[in-house]
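Just below is one structure, and these are the notes that go with it.
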Amino acid sequence: MKPLRLEDILFSQGFGTRRVCAGLVQQGFVSVAGAVCDDPGEFFQPEGLTFTVQGVDWPFAERAYLMLHKPAGTECSQKPSTWPSIYTLLPAPLRTRPQKAAVQGVQAVGRLDQDTTGLLLLTDDGKFIHRMSSPKHHVPKVYEVTVKHEITPDLVERLLAGVVLDDDPKPVKAAACEAVSPLHLRLTLTEGKYHQVKRMVAAVGNRVEGLHRSAIGGLVLPEDLAPSQWRWLSVADLALMSASKA
Ligand code: URA
């Protein structure tokens, strides 16, 4: 990759028009390798470059991949109807990255309900979104489910054998299911139907009282990522995703 001017690097990562990007640099908001650079025309090799804007590290990347610990009381829509959007938890440049193919800014890879917490991936890589969301690719998603009534061995067996939901005669099965404690079920699904966990649990006569996604593929929500916090996905995280199959 050819060296790029710092203002062009910022532009490519969604920091606004070239004029806005030049302004950020001139005002001393941008550091490279720990030192403030106030010349928008200075050239840098973008590959492997991490720059800092107002305290946040930005690894230069053609595509952005991140994880968010979704808190309860947020919607995964850009235009939420009732609750605040998860997109308000992200810095603006992630939402305004220049359009790549059909995707403008980062988008959630699938959605979680308003009251569901846990691991959510976001990216502006349309192919990645497709691959991770497609039922054909069987990417396992692990849910920690708090239920209202005590879990019986029969409930676990029925979820593993498959239950019929109201919109499809074909039964849906859990890829894995275990009772962690009397009211805590760990359920692994490879599909992402609307309200799937809640509907599957209801179909076996119980009720979801709390829902948290703890893992996607081989990627586990880090314990030190608090609700509402986000983090870049590392190359190792992405490799875990590519390797994942149920
Ligand atoms: N299943 C649900 O019912 N809700 C979610 O948010 C995710 C999976």
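Note on naming: chains are A, B, ... as they come in the structure tokens, residues start from 1 per chain, ligands start from 1 in the order shown.
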Residues near A:Val32, cut-off 9 Å, only C-alpha atoms, skip fewer than 2 positions along chain, as a PDB file with all heavy atoms, in the first residue's frame:
ATOM      1  N   VAL A  30      -4.592  14.584  16.954  1.00  0.00           N
ATOM      2  CA  VAL A  30      -4.196  13.282  16.393  1.00  0.00           C
ATOM      3  C   VAL A  30      -2.734  12.984  16.752  1.00  0.00           C
ATOM      4  O   VAL A  30      -1.850  13.815  16.551  1.00  0.00           O
ATOM      5  CB  VAL A  30      -4.366  13.277  14.856  1.00  0.00           C
ATOM      6  CG1 VAL A  30      -4.045  11.896  14.286  1.00  0.00           C
ATOM      7  CG2 VAL A  30      -5.792  13.698  14.469  1.00  0.00           C
ATOM      8  N   GLY A  34       2.468   7.734  19.527  1.00  0.00           N
ATOM      9  CA  GLY A  34       2.608   8.429  20.806  1.00  0.00           C
ATOM     10  C   GLY A  34       2.944   9.905  20.727  1.00  0.00           C
ATOM     11  O   GLY A  34       2.990  10.582  21.745  1.00  0.00           O
ATOM     12  N   ALA A  35       3.175  10.445  19.502  1.00  0.00           N
ATOM     13  CA  ALA A  35       3.526  11.866  19.398  1.00  0.00           C
ATOM     14  C   ALA A  35       2.471  12.597  18.562  1.00  0.00           C
ATOM     15  O   ALA A  35       2.017  12.071  17.536  1.00  0.00           O
ATOM     16  CB  ALA A  35       4.893  12.005  18.729  1.00  0.00           C
ATOM     17  N   VAL A  36       2.104  13.802  19.022  1.00  0.00           N
ATOM     18  CA  VAL A  36       1.112  14.591  18.276  1.00  0.00           C
ATOM     19  C   VAL A  36       1.685  14.934  16.904  1.00  0.00           C
ATOM     20  O   VAL A  36       2.847  15.325  16.786  1.00  0.00           O
ATOM     21  CB  VAL A  36       0.758  15.886  19.048  1.00  0.00           C
ATOM     22  CG1 VAL A  36      -0.112  16.812  18.201  1.00  0.00           C
ATOM     23  CG2 VAL A  36       0.063  15.544  20.360  1.00  0.00           C
ATOM     24  N   CYS A  37       0.860  14.756  15.858  1.00  0.00           N
ATOM     25  CA  CYS A  37       1.278  15.187  14.518  1.00  0.00           C
ATOM     26  C   CYS A  37       0.284  16.248  14.073  1.00  0.00           C
ATOM     27  O   CYS A  37      -0.912  15.958  13.951  1.00  0.00           O
ATOM     28  CB  CYS A  37       1.256  13.993  13.555  1.00  0.00           C
ATOM     29  SG  CYS A  37       1.599  14.507  11.865  1.00  0.00           S
ATOM     30  N   LEU A  49      -0.745   0.795  10.711  1.00  0.00           N
ATOM     31  CA  LEU A  49      -0.654   2.036  11.490  1.00  0.00           C
ATOM     32  C   LEU A  49      -1.787   2.121  12.517  1.00  0.00           C
ATOM     33  O   LEU A  49      -2.938   1.838  12.194  1.00  0.00           O
ATOM     34  CB  LEU A  49      -0.762   3.238  10.542  1.00  0.00           C
ATOM     35  CG  LEU A  49      -0.673   4.613  11.205  1.00  0.00           C
ATOM     36  CD1 LEU A  49       0.780   4.961  11.507  1.00  0.00           C
ATOM     37  CD2 LEU A  49      -1.287   5.690  10.325  1.00  0.00           C
ATOM     38  N   THR A  50      -1.437   2.487  13.737  1.00  0.00           N
ATOM     39  CA  THR A  50      -2.474   2.825  14.721  1.00  0.00           C
ATOM     40  C   THR A  50      -2.254   4.277  15.110  1.00  0.00           C
ATOM     41  O   THR A  50      -1.156   4.645  15.519  1.00  0.00           O
ATOM     42  CB  THR A  50      -2.391   1.917  15.966  1.00  0.00           C
ATOM     43  OG1 THR A  50      -2.730   0.589  15.571  1.00  0.00           O
ATOM     44  CG2 THR A  50      -3.386   2.352  17.039  1.00  0.00           C
ATOM     45  N   PHE A  51      -3.277   5.087  14.897  1.00  0.00           N
ATOM     46  CA  PHE A  51      -3.175   6.485  15.327  1.00  0.00           C
ATOM     47  C   PHE A  51      -4.183   6.705  16.452  1.00  0.00           C
ATOM     48  O   PHE A  51      -5.060   5.869  16.683  1.00  0.00           O
ATOM     49  CB  PHE A  51      -3.409   7.446  14.143  1.00  0.00           C
ATOM     50  CG  PHE A  51      -4.704   7.220  13.426  1.00  0.00           C
ATOM     51  CD1 PHE A  51      -5.835   7.964  13.756  1.00  0.00           C
ATOM     52  CD2 PHE A  51      -4.816   6.279  12.419  1.00  0.00           C
ATOM     53  CE1 PHE A  51      -7.034   7.762  13.090  1.00  0.00           C
ATOM     54  CE2 PHE A  51      -6.018   6.058  11.750  1.00  0.00           C
ATOM     55  CZ  PHE A  51      -7.128   6.806  12.089  1.00  0.00           C
ATOM     56  N   THR A  52      -4.040   7.801  17.146  1.00  0.00           N
ATOM     57  CA  THR A  52      -4.918   8.081  18.289  1.00  0.00           C
ATOM     58  C   THR A  52      -5.625   9.408  18.053  1.00  0.00           C
ATOM     59  O   THR A  52      -4.986  10.388  17.671  1.00  0.00           O
ATOM     60  CB  THR A  52      -4.067   8.160  19.587  1.00  0.00           C
ATOM     61  OG1 THR A  52      -3.281   6.979  19.669  1.00  0.00           O
ATOM     62  CG2 THR A  52      -4.921   8.272  20.832  1.00  0.00           C
TER      63      THR A  52
END
Within 6 Å of ligand 1 (counting only C-alpha atoms and all ligand atoms), which residues show up? I'd like them as a ChimeraX atom specification.
/A:112-113,116,195-198
Next, the residues of the selection above should be written as a PDB file, in the first residue's frame with all heavy atoms.
ATOM      1  N   LEU A 112     -30.040  -8.273  18.526  1.00  0.00           N
ATOM      2  CA  LEU A 112     -30.488  -8.810  19.810  1.00  0.00           C
ATOM      3  C   LEU A 112     -31.694  -7.979  20.243  1.00  0.00           C
ATOM      4  O   LEU A 112     -31.795  -6.790  19.907  1.00  0.00           O
ATOM      5  CB  LEU A 112     -29.381  -8.698  20.865  1.00  0.00           C
ATOM      6  CG  LEU A 112     -28.125  -9.559  20.641  1.00  0.00           C
ATOM      7  CD1 LEU A 112     -27.060  -9.243  21.688  1.00  0.00           C
ATOM      8  CD2 LEU A 112     -28.477 -11.049  20.676  1.00  0.00           C
ATOM      9  N   ASP A 113     -32.583  -8.600  21.001  1.00  0.00           N
ATOM     10  CA  ASP A 113     -33.762  -7.874  21.485  1.00  0.00           C
ATOM     11  C   ASP A 113     -33.344  -6.739  22.415  1.00  0.00           C
ATOM     12  O   ASP A 113     -32.260  -6.777  23.008  1.00  0.00           O
ATOM     13  CB  ASP A 113     -34.687  -8.820  22.266  1.00  0.00           C
ATOM     14  CG  ASP A 113     -35.252  -9.914  21.379  1.00  0.00           C
ATOM     15  OD1 ASP A 113     -35.287  -9.729  20.158  1.00  0.00           O
ATOM     16  OD2 ASP A 113     -35.645 -10.957  21.947  1.00  0.00           O
ATOM     17  N   THR A 116     -32.138  -8.035  25.719  1.00  0.00           N
ATOM     18  CA  THR A 116     -31.031  -9.001  25.709  1.00  0.00           C
ATOM     19  C   THR A 116     -29.705  -8.256  25.858  1.00  0.00           C
ATOM     20  O   THR A 116     -29.522  -7.183  25.288  1.00  0.00           O
ATOM     21  CB  THR A 116     -31.027  -9.798  24.383  1.00  0.00           C
ATOM     22  OG1 THR A 116     -32.289 -10.434  24.239  1.00  0.00           O
ATOM     23  CG2 THR A 116     -29.935 -10.844  24.358  1.00  0.00           C
ATOM     24  N   HIS A 195     -36.716 -13.689  17.772  1.00  0.00           N
ATOM     25  CA  HIS A 195     -37.009 -14.099  19.161  1.00  0.00           C
ATOM     26  C   HIS A 195     -36.828 -15.600  19.358  1.00  0.00           C
ATOM     27  O   HIS A 195     -37.599 -16.239  20.088  1.00  0.00           O
ATOM     28  CB  HIS A 195     -38.455 -13.756  19.538  1.00  0.00           C
ATOM     29  CG  HIS A 195     -38.746 -12.280  19.640  1.00  0.00           C
ATOM     30  ND1 HIS A 195     -37.818 -11.345  20.026  1.00  0.00           N
ATOM     31  CD2 HIS A 195     -39.894 -11.589  19.420  1.00  0.00           C
ATOM     32  CE1 HIS A 195     -38.377 -10.142  20.032  1.00  0.00           C
ATOM     33  NE2 HIS A 195     -39.633 -10.269  19.659  1.00  0.00           N
ATOM     34  N   GLN A 196     -35.813 -16.162  18.721  1.00  0.00           N
ATOM     35  CA  GLN A 196     -35.738 -17.630  18.684  1.00  0.00           C
ATOM     36  C   GLN A 196     -35.625 -18.274  20.078  1.00  0.00           C
ATOM     37  O   GLN A 196     -36.319 -19.254  20.362  1.00  0.00           O
ATOM     38  CB  GLN A 196     -34.569 -18.095  17.808  1.00  0.00           C
ATOM     39  CG  GLN A 196     -34.564 -19.613  17.657  1.00  0.00           C
ATOM     40  CD  GLN A 196     -33.665 -20.094  16.552  1.00  0.00           C
ATOM     41  OE1 GLN A 196     -33.298 -19.323  15.666  1.00  0.00           O
ATOM     42  NE2 GLN A 196     -33.311 -21.355  16.582  1.00  0.00           N
ATOM     43  N   VAL A 197     -34.755 -17.732  20.916  1.00  0.00           N
ATOM     44  CA  VAL A 197     -34.587 -18.356  22.238  1.00  0.00           C
ATOM     45  C   VAL A 197     -35.888 -18.261  23.028  1.00  0.00           C
ATOM     46  O   VAL A 197     -36.376 -19.248  23.592  1.00  0.00           O
ATOM     47  CB  VAL A 197     -33.421 -17.687  23.016  1.00  0.00           C
ATOM     48  CG1 VAL A 197     -33.355 -18.225  24.434  1.00  0.00           C
ATOM     49  CG2 VAL A 197     -32.098 -17.893  22.299  1.00  0.00           C
ATOM     50  N   LYS A 198     -36.467 -17.071  23.027  1.00  0.00           N
ATOM     51  CA  LYS A 198     -37.691 -16.875  23.827  1.00  0.00           C
ATOM     52  C   LYS A 198     -38.804 -17.792  23.330  1.00  0.00           C
ATOM     53  O   LYS A 198     -39.535 -18.387  24.116  1.00  0.00           O
ATOM     54  CB  LYS A 198     -38.137 -15.409  23.747  1.00  0.00           C
ATOM     55  CG  LYS A 198     -37.196 -14.484  24.505  1.00  0.00           C
ATOM     56  CD  LYS A 198     -37.569 -13.032  24.341  1.00  0.00           C
ATOM     57  CE  LYS A 198     -36.539 -12.148  25.020  1.00  0.00           C
ATOM     58  NZ  LYS A 198     -36.596 -10.765  24.598  1.00  0.00           N
TER      59      LYS A 198
END
Distance criterion (only C-alpha atoms): nearest to A:Leu233 out of A:Leu122, A:Ala215, A:Met1, A:Leu160:
A:Leu122
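Using only C-alpha atoms, the smallest distance between any of A:Gly41, A:Val201, A:Trp83, A:Arg231 and A:Val56 comes from A:Arg231.
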From a backbone DSSP assignment, name each residue in stretch 144-216 of chain A labelled alpha helix (DSSP H), as a list in words.
Pro153, Asp154, Leu155, Val156, Glu157, Arg158, Leu159, Leu160, Ala161, Gln196, Val197, Lys198, Arg199, Met200, Val201, Ala202 and Ala203 of chain A
Leaving out stretch 150-153 of chain A and any residue of its chain fewer than 3 positions from it, which residues lie within 10 Å of it when counting only C-alpha atoms, given as a PyMOL selection string?
chain A and resi 146-147+156-158+178-185+206
Emit the selected residues as an mmCIF file, in the first residue's frame, including all heavy atoms.
data_model
loop_
_atom_site.group_PDB
_atom_site.id
_atom_site.type_symbol
_atom_site.label_atom_id
_atom_site.label_comp_id
_atom_site.auth_asym_id
_atom_site.auth_seq_id
_atom_site.Cartn_x
_atom_site.Cartn_y
_atom_site.Cartn_z
ATOM 1 N N THR A 146 -31.892 -17.206 31.654
ATOM 2 C CA THR A 146 -32.514 -17.361 32.974
ATOM 3 C C THR A 146 -33.983 -17.638 32.739
ATOM 4 O O THR A 146 -34.661 -16.870 32.043
ATOM 5 C CB THR A 146 -32.344 -16.070 33.812
ATOM 6 O OG1 THR A 146 -30.960 -15.731 33.827
ATOM 7 C CG2 THR A 146 -32.848 -16.256 35.229
ATOM 8 N N VAL A 147 -34.445 -18.760 33.292
ATOM 9 C CA VAL A 147 -35.850 -19.136 33.039
ATOM 10 C C VAL A 147 -36.678 -18.997 34.308
ATOM 11 O O VAL A 147 -36.135 -18.934 35.416
ATOM 12 C CB VAL A 147 -35.951 -20.574 32.463
ATOM 13 C CG1 VAL A 147 -35.382 -20.654 31.075
ATOM 14 C CG2 VAL A 147 -35.287 -21.580 33.389
ATOM 15 N N VAL A 156 -34.621 -30.039 28.504
ATOM 16 C CA VAL A 156 -33.344 -30.035 27.782
ATOM 17 C C VAL A 156 -33.435 -30.985 26.583
ATOM 18 O O VAL A 156 -33.046 -30.626 25.464
ATOM 19 C CB VAL A 156 -32.192 -30.432 28.737
ATOM 20 C CG1 VAL A 156 -30.890 -30.621 27.981
ATOM 21 C CG2 VAL A 156 -32.030 -29.395 29.842
ATOM 22 N N GLU A 157 -33.973 -32.169 26.809
ATOM 23 C CA GLU A 157 -34.092 -33.148 25.707
ATOM 24 C C GLU A 157 -34.965 -32.622 24.585
ATOM 25 O O GLU A 157 -34.649 -32.792 23.404
ATOM 26 C CB GLU A 157 -34.690 -34.450 26.231
ATOM 27 C CG GLU A 157 -33.630 -35.391 26.781
ATOM 28 C CD GLU A 157 -34.236 -36.489 27.627
ATOM 29 O OE1 GLU A 157 -35.359 -36.939 27.306
ATOM 30 O OE2 GLU A 157 -33.584 -36.860 28.623
ATOM 31 N N ARG A 158 -36.072 -31.966 24.954
ATOM 32 C CA ARG A 158 -36.979 -31.458 23.897
ATOM 33 C C ARG A 158 -36.318 -30.343 23.083
ATOM 34 O O ARG A 158 -36.497 -30.260 21.879
ATOM 35 C CB ARG A 158 -38.294 -30.990 24.521
ATOM 36 C CG ARG A 158 -39.162 -32.165 24.953
ATOM 37 C CD ARG A 158 -40.344 -31.705 25.767
ATOM 38 N NE ARG A 158 -41.281 -30.922 24.971
ATOM 39 C CZ ARG A 158 -42.230 -30.148 25.509
ATOM 40 N NH1 ARG A 158 -42.354 -30.043 26.826
ATOM 41 N NH2 ARG A 158 -43.042 -29.461 24.734
ATOM 42 N N GLU A 178 -27.668 -27.201 28.011
ATOM 43 C CA GLU A 178 -27.369 -27.803 29.318
ATOM 44 C C GLU A 178 -27.948 -26.927 30.420
ATOM 45 O O GLU A 178 -28.037 -25.696 30.272
ATOM 46 C CB GLU A 178 -25.854 -27.978 29.526
ATOM 47 C CG GLU A 178 -25.108 -26.683 29.467
ATOM 48 C CD GLU A 178 -23.646 -26.781 29.900
ATOM 49 O OE1 GLU A 178 -23.346 -27.413 30.927
ATOM 50 O OE2 GLU A 178 -22.812 -26.182 29.210
ATOM 51 N N ALA A 179 -28.348 -27.586 31.503
ATOM 52 C CA ALA A 179 -28.814 -26.841 32.674
ATOM 53 C C ALA A 179 -27.575 -26.540 33.527
ATOM 54 O O ALA A 179 -26.944 -27.440 34.047
ATOM 55 C CB ALA A 179 -29.815 -27.679 33.452
ATOM 56 N N VAL A 180 -27.238 -25.266 33.628
ATOM 57 C CA VAL A 180 -26.068 -24.866 34.418
ATOM 58 C C VAL A 180 -26.448 -24.838 35.902
ATOM 59 O O VAL A 180 -25.653 -25.160 36.776
ATOM 60 C CB VAL A 180 -25.556 -23.482 33.947
ATOM 61 C CG1 VAL A 180 -24.374 -23.012 34.764
ATOM 62 C CG2 VAL A 180 -25.210 -23.513 32.460
ATOM 63 N N SER A 181 -27.686 -24.439 36.177
ATOM 64 C CA SER A 181 -28.247 -24.471 37.533
ATOM 65 C C SER A 181 -29.768 -24.587 37.350
ATOM 66 O O SER A 181 -30.246 -24.565 36.209
ATOM 67 C CB SER A 181 -27.842 -23.196 38.298
ATOM 68 O OG SER A 181 -28.518 -22.090 37.773
ATOM 69 N N PRO A 182 -30.532 -24.732 38.430
ATOM 70 C CA PRO A 182 -31.973 -24.990 38.235
ATOM 71 C C PRO A 182 -32.694 -23.970 37.338
ATOM 72 O O PRO A 182 -33.639 -24.318 36.644
ATOM 73 C CB PRO A 182 -32.530 -24.975 39.654
ATOM 74 C CG PRO A 182 -31.377 -25.400 40.499
ATOM 75 C CD PRO A 182 -30.148 -24.833 39.846
ATOM 76 N N LEU A 183 -32.223 -22.714 37.340
ATOM 77 C CA LEU A 183 -32.914 -21.695 36.526
ATOM 78 C C LEU A 183 -32.017 -21.113 35.433
ATOM 79 O O LEU A 183 -32.357 -20.105 34.818
ATOM 80 C CB LEU A 183 -33.428 -20.562 37.427
ATOM 81 C CG LEU A 183 -34.487 -20.934 38.467
ATOM 82 C CD1 LEU A 183 -34.850 -19.728 39.329
ATOM 83 C CD2 LEU A 183 -35.767 -21.480 37.804
ATOM 84 N N HIS A 184 -30.873 -21.728 35.209
ATOM 85 C CA HIS A 184 -29.926 -21.189 34.204
ATOM 86 C C HIS A 184 -29.646 -22.244 33.140
ATOM 87 O O HIS A 184 -29.055 -23.280 33.413
ATOM 88 C CB HIS A 184 -28.637 -20.752 34.910
ATOM 89 C CG HIS A 184 -27.551 -20.280 33.981
ATOM 90 N ND1 HIS A 184 -26.315 -19.896 34.423
ATOM 91 C CD2 HIS A 184 -27.500 -20.120 32.622
ATOM 92 C CE1 HIS A 184 -25.552 -19.538 33.399
ATOM 93 N NE2 HIS A 184 -26.255 -19.683 32.287
ATOM 94 N N LEU A 185 -30.092 -21.910 31.940
ATOM 95 C CA LEU A 185 -29.925 -22.812 30.802
ATOM 96 C C LEU A 185 -28.870 -22.218 29.874
ATOM 97 O O LEU A 185 -28.878 -21.010 29.611
ATOM 98 C CB LEU A 185 -31.268 -22.826 30.071
ATOM 99 C CG LEU A 185 -31.575 -23.884 29.032
ATOM 100 C CD1 LEU A 185 -31.651 -25.251 29.687
ATOM 101 C CD2 LEU A 185 -32.922 -23.558 28.378
ATOM 102 N N ASN A 206 -41.799 -23.127 29.309
ATOM 103 C CA ASN A 206 -41.123 -22.315 30.313
ATOM 104 C C ASN A 206 -41.129 -20.865 29.824
ATOM 105 O O ASN A 206 -41.788 -20.547 28.830
ATOM 106 C CB ASN A 206 -39.695 -22.846 30.544
ATOM 107 C CG ASN A 206 -39.202 -22.565 31.949
ATOM 108 O OD1 ASN A 206 -39.406 -21.484 32.474
ATOM 109 N ND2 ASN A 206 -38.551 -23.544 32.558
#
Can you pull out the residues contacting A:Phe15? Cut-off 8 Å, using only C-alpha atoms, and skip same-chain residues under 2 positions away; I want them as a PyMOL selection string.
chain A and resi 10-13+17+20-21+92-93+96-97
DSSP strand (DSSP E or B) residues within stretch 161-239 of chain A, listed as a ChimeraX atom specification:
/A:163-165,168-172,176-181,184-189,208-216,219-220,230-232
Near A:Ser242, counting only C-alpha atoms, which residues have an atom at most 12 Å away, once you skip same-chain residues fewer than 4 positions from it, shown as a PyMOL selection string?
chain A and resi 128+131-132+137-140+216-219+235-238+246
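Across the structure, atom CA of A:Pro59 and atom CA of A:Ala33 are spaced 11.4 Å apart.
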